[in-house]
Every structure is written in structure tokens, then in C-alpha cells.
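Notes follow the structure.
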Amino acid sequence: MAKPVQSEQVAPHVPVLLAEVLSALAPLEGARIVDGTFGAGGYSRALLEAGAAVIGIDRDPNVKPFADALAAEFPSRFSFVAGAFAELDQLAAGPVDGVVLDIGVSSMQLDEADRGFSFMREGPLDMRMAGEGESAADLVNGLEESELANLLFAYGEERKSRRIAHSIVAARAAQPIATTTELAKLIEKSIGRKPGDAHPATRSFQALRIAVNDEFGQLVEGLFASERLLAEGGRLAVVTFHSLEDRIVKRFFDPDKGAPLQWRHLPQTDTEAHRWVDVAKGTKASSTEVARNPRARSAMLRSARRSVAPARPIDLAGLGVPRFRGAA
Ligand SMILES: C[S@@+](CC[C@H](N)C(=O)[O-])C[C@H]1O[C@@H](n2cnc3c(N)ncnc32)[C@H](O)[C@@H]1O
């Protein structure tokens with residue numbers, strides 16, 4: 001269904017699971033779709049080329065040139081709003097026919113040393129997608145040792161979190177930890193490095209990035225906002241990049257989660273109404289895509305269609321959202 005996507009040739013971010021996302025959203029001519037994680041606009045462009053009208057949302061101000069280019073090319077069908085997808089039902093007028101979320105960082109964010117996302121590039125310990133609020137340096141230099149350890153364990157599944165937190169607290173007593181490579185070297189020194197394994201700082205950097213950008217909070221709120229914004233029959237497609245996020249999406253779509261509901265327009269009956277129907281099995285990238293784009297290796301797509309049942313109030317129970325503050 002997808003035509004060749006020009007953004008793959010000109011944009012630095014290669015869209016992941018693009019054909020699968022398009023097929024999950026099944027955009028009809030004139031459908032209104034919200035791309036809540038615009039990035040370099042790979043999904044938006046493909047949706048526009050399929051005939052849909054697209055509202056792009058991103059909280060990173062650096063994506064503006066990509067949005068401007070699409071707005072110039074599709075002036076009547078593309079618009080862009082800067083903001084967080086947790087508020088997508090306030091940023092876009094509903095009801096809409098589709099919402100897509102491609103969670104996480106873009107290649108542009110990872111590749112720009114100054115953003116501080118990558119332990120392989122020397123840069124300030126920043127990691128703020130929107131460029132505001134607490135930075136990674138604020139957390140690394142400000143949290144108590146036990147909180148820091150809990151953060152690395154809960155958000156990064158780092159089993160050596162206590163040892164790392166202890167080394168960080170010892171090092172920052174001399175002077176604050178300011179750069180990505182300083183932190184990466186400190187972690188490597190603290191827990192060692194086995195040949196063939198991922199860099200020992202991988203999990204800690206993931207944990208810090210998630211905390212700095214409140215990524216689990218955003219995901220949960222974005223899912224419930226999509227539930228409110230989508231028309232009956234509208235489709236939600238979510239691509240995640242690690243199991244902690246995927247678990248949240250999977251449980252959110254679970255028809256057995258939450259109390260049974262009455263249908264919106266029918267007299268009260270015993271009928272159970274689920275908010276999400278046609279819940280698709282998780283889809284992973286093909287080996288061909290992974291060979292072409294290694295970033296697709298851990299990607300997982302989940303999608304479903306909105307029923308007529310009224311949207312739920314936000315409820316974290318049963319979603320398995322990791323917490324580090326107040327954790328044991
Ligand atoms: C993986 S990239 C998306 C790439 C995009 N699908 C493409 O094809 O170019 C994720 C993007 O989502 C943005 N983002 C992440 N969390 C966000 C949030 N809570 N609200 C809005 N944008 C967010 C990031 O700034 C980044 O640009």
C-alpha cells in the first residue's frame with residue numbers, strides 16, 4: 001500500500017515498521033490522523049501520500065524544519081502543533097480516524113551530541129526532548145543514592161543499580177558529573193564491561209532519559225487521550241522500543257481490564273462493552289527491515305480499533321507502570 005517514502009532518502013530518521021503502521025491505520029482518502037510523535041515526519045508523509053489529512057505533534061522544537069517542509073508540500077492537509085502527546089486531545093480537535101505514536105527518541109536526537117542522549121557522544125548530560133525542565137545532570141547530581149538506584153532499576157532494569165548509584169554519589173562529592181562520556185566511563189568503571197555485551201551504560205542512560213522526559217507518564221496519558229479523541233471505529237497504532245513500554249500498551253488494550261461497561265447509545269443491558277476491539281497481536285520488524293535499520297530490532301507495534309463505549313478516566317491500575325519514587 002505504501003508508496004516509496006521520500007523521507008527515507010532525505011530525512012535522517014528512518015521510520016520503523018512503516019508499512020505495518022500504515023496497514024494498522026488503514027487510512028481512507030480524507031481520513032483525519034494524528035501523528036503524535038512527528039519526528040522527521042516519516043509516518044506523516046506516508047499517511048499524506050495515502051490521501052489522509054494529518055495533524056503532526058512533537059514536543060521537540062528541533063523538528064520544525066521537517067514540519068515546515070511537509071506543510072509547504074501539503075498545505076491543505078497537513079498542520080503541526082508543538083506540544084506533548086499526553087495532551088493530544090487538547091492539541092487536535094476530534095473526533096479523528098486514527099492516532100499513531102512512535103515512542104522514544106529519534107535518530108536526530110541521538111546523533112546530536114549537544115542533546116546529551118548518547119553515551120557514545122561527548123555532550124552535556126541533558127536529555128530533555130522539549131529543552132525544558134529537569135535535565136539528566138539535575139537527576140544524577142541531585143537525587144539521593146537510594147532514589148538514584150531505584151530509578152536505574154525501575155526504568156532501566158539495571159541489576160547493578162546500587163553499585164552504579166554508589167559510584168555516582170562518590171564521584172559527584174568531588175565535583176558534579178557534567179557530561180555524557182564522564183557518566184558512561186564512571187558506570188563502566190563501576191560495573192565493568194564484558195566483551196560482546198552492550199555498553200554497560202546502556203540501561204542507565206535509558207532509565208535517565210525515561211525519567212527526564214516522564215516517558216511512562218506521557219505514554220499512559222497519551223493512550224487515554226487517544227481513547228477520548230478517536231471516533232467510533234478509529235484506529236490507534238503504537239510502536240514501542242522496550243518491554244516496559246510494550247507491557248503498558250498491551251495491558252491498556254486488554255479487554256478484560258477494568259469493569260464491564262454499558263454501551264453508550266443502548267438501553268442498559270448486561271452487555272459488556274470494551275473500549276478497544278480488533279486488538280491486533282504485537283508485530284515485530286522483519287529480518288529484512290532489521291538488517292536495513294538495526295534500530296527496528298526492539299520495535300513492537302500494537303494496534304486496535306475504538307468501540308462506541310465511552311472513554312475511561314485515566315487509571316494506572318493493572319497497567320504495570322514502573323515507579324521509582326516511593327519504590328522499595
Ligand atoms: C521515534 S521518533 C518519531 C519518528 C517518526 N515516526 C518519523 O517517522 O520520523 C519520536 C519523536 O517523538 C517525540 N516525542 C517523544 N515523546 C513525546 C511526547 N510525549 N510528546 C510529543 N512528542 C514526543 C520525540 O521528540 C521524537 O521527535
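Residue names in the C-alpha cells use chain letters A, B, ... in the order shown, residue numbers from 1 in each chain, and ligand numbers from 1 in the order shown.
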
How close does chain A get to ligand 1? List, as a Markdown table, each residue of chain A within 7 Å, its nearest atom pair and the distance in Å to one decimal, counting only C-alpha atoms and all ligand atoms.
| residue | atom | partner | partner_atom_place_in_ligand_line | distance |
| --- | --- | --- | --- | --- |
| A:His13 | CA | ligand 1 | 9 (O) | 5.4 |
| A:Val14 | CA | ligand 1 | 8 (O) | 6.3 |
| A:Pro15 | CA | ligand 1 | 8 (O) | 4.0 |
| A:Val16 | CA | ligand 1 | 8 (O) | 7.0 |
| A:Gly36 | CA | ligand 1 | 21 (C) | 5.9 |
| A:Thr37 | CA | ligand 1 | 12 (O) | 3.6 |
| A:Phe38 | CA | ligand 1 | 5 (C) | 5.0 |
| A:Gly39 | CA | ligand 1 | 27 (O) | 3.4 |
| A:Ala40 | CA | ligand 1 | 9 (O) | 3.6 |
| A:Gly41 | CA | ligand 1 | 9 (O) | 4.2 |
| A:Gly42 | CA | ligand 1 | 8 (O) | 3.3 |
| A:Tyr43 | CA | ligand 1 | 8 (O) | 4.6 |
| A:Ile57 | CA | ligand 1 | 21 (C) | 5.9 |
| A:Asp58 | CA | ligand 1 | 22 (N) | 3.6 |
| A:Arg59 | CA | ligand 1 | 21 (C) | 4.2 |
| A:Asp60 | CA | ligand 1 | 25 (O) | 4.4 |
| A:Val63 | CA | ligand 1 | 27 (O) | 6.6 |
| A:Gly83 | CA | ligand 1 | 21 (C) | 5.7 |
| A:Ala84 | CA | ligand 1 | 20 (N) | 3.3 |
| A:Phe85 | CA | ligand 1 | 20 (N) | 4.0 |
| A:Ala86 | CA | ligand 1 | 19 (N) | 6.0 |
| A:Asp102 | CA | ligand 1 | 1 (C) | 5.2 |
| A:Ile103 | CA | ligand 1 | 10 (C) | 5.4 |
| A:Gly104 | CA | ligand 1 | 10 (C) | 5.0 |
| A:Val105 | CA | ligand 1 | 1 (C) | 4.7 |
| A:Ser106 | CA | ligand 1 | 2 (S) | 3.9 |
| A:Met129 | CA | ligand 1 | 25 (O) | 5.3 |
| A:Glu215 | CA | ligand 1 | 19 (N) | 6.4 |
| A:Gln218 | CA | ligand 1 | 19 (N) | 5.0 |
| A:Leu219 | CA | ligand 1 | 19 (N) | 6.8 |

Subject >> Picked from range 97-183 of chain A by DSSP as helix (DSSP H, G or I), as a ChimeraX atom specification >> reply: /A:107-111,113-115,136-142,145-156,161-174,180-183

Subject >> Non-local contacts of Trp276 in chain A (6 Å; only C-alpha atoms; under 2 positions in same chain excluded) as a ChimeraX atom specification >> reply: /A:274,304-307

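Here the question is which of A:Leu223, A:Ala170, A:Val279, A:Leu229 gets nearest to Leu91 in chain A using only C-alpha atoms, and that residue is A:Leu229.
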
Original post:
With only C-alpha atoms as the basis for distance, which of A:Glu122, A:Glu29, A:Asp278, A:Glu147 is at the shortest distance from Ala211 in chain A?
Top reply: A:Glu147

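Residues with any atom within 10 Å of range 132-138 of chain A, counting only C-alpha atoms and excluding same-chain neighbours fewer than 2 positions away, are Gly116, Phe117, Pro124, Leu125, Asp126, Met127, Arg128, Met129, Ala130, Val140, Asn141, Gly142, Leu143, Pro176, Ile177, Ala178, Thr179, Thr180, Leu183, Phe205, Ala207, Leu208, Arg209, Ile210, Ala211, Val212 and Asn213 of chain A.
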
Just write the chosen residues, C-alpha atoms, as a CSV table (one decimal), in the first residue's frame.
chain,number,residue,atom,x,y,z
A,116,GLY,CA,23.1,14.5,25.7
A,117,PHE,CA,21.1,11.4,24.8
A,124,PRO,CA,26.2,17.9,28.3
A,125,LEU,CA,24.2,15.5,30.4
A,126,ASP,CA,20.9,17.0,29.2
A,127,MET,CA,18.4,14.5,27.5
A,128,ARG,CA,15.4,16.9,27.6
A,129,MET,CA,13.3,16.4,24.4
A,130,ALA,CA,11.4,19.7,24.9
A,140,VAL,CA,22.4,12.4,38.5
A,141,ASN,CA,23.7,15.2,40.8
A,142,GLY,CA,20.6,15.8,42.8
A,143,LEU,CA,18.9,12.5,43.7
A,176,PRO,CA,29.2,17.4,39.7
A,177,ILE,CA,29.0,15.0,36.8
A,178,ALA,CA,28.5,17.2,33.7
A,179,THR,CA,28.9,15.2,30.5
A,180,THR,CA,27.6,12.0,28.9
A,183,LEU,CA,29.0,9.3,33.3
A,205,PHE,CA,21.1,6.1,30.0
A,207,ALA,CA,16.5,5.0,32.7
A,208,LEU,CA,17.6,8.6,32.9
A,209,ARG,CA,16.0,9.5,29.5
A,210,ILE,CA,12.7,8.0,30.6
A,211,ALA,CA,12.7,9.9,33.9
A,212,VAL,CA,13.8,13.2,32.4
A,213,ASN,CA,11.0,13.1,29.8

Subject >> Long-range neighbours of Ala201 in chain A as a PyMOL selection string, 8 Å cut-off, only C-alpha atoms, 4 positions minimum in chain >> reply: chain A and resi 119+184+187-188+205

Original post:
When distances are computed from only C-alpha atoms, which of A:Val99, A:Val169, A:Ile55, A:Val321 shows the smallest separation from Leu148 in chain A?
Top reply: A:Val169

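Minimum atom-to-atom distances from A:Leu244, A:Ala67, A:Leu101, A:Val21 to Asp35 in chain A were compared using only C-alpha atoms, and the lowest value belongs to A:Leu101.
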
How close does each residue of range 292-311 of chain A get to range 246-250 of chain A, giving the shortest atom pair and distance in Å to one decimal for every residue with an atom at most 10 Å away, counting only C-alpha atoms, sorted by chain and residue number, as JSON lines?
{"residue": "A:Ala299", "atom": "CA", "partner": "A:Asp246", "partner_atom": "CA", "distance": 9.2}
{"residue": "A:Met300", "atom": "CA", "partner": "A:Asp246", "partner_atom": "CA", "distance": 7.1}
{"residue": "A:Leu301", "atom": "CA", "partner": "A:Asp246", "partner_atom": "CA", "distance": 8.5}
{"residue": "A:Arg302", "atom": "CA", "partner": "A:Lys250", "partner_atom": "CA", "distance": 7.2}
{"residue": "A:Ser303", "atom": "CA", "partner": "A:Val249", "partner_atom": "CA", "distance": 9.0}

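Remark: for Leu110 in chain A, the closest of the candidate residues A:Ser243, A:Gln206, A:Ser287, A:Gln175 is A:Gln206 (distances computed over only C-alpha atoms).
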
**OP:** Find the residues near Val100 in chain A: any atom within 6 Å, counting only C-alpha atoms, skip ones fewer than 2 places away on the same chain, and give them as a PyMOL selection string.
**Re:** chain A and resi 35+236-238
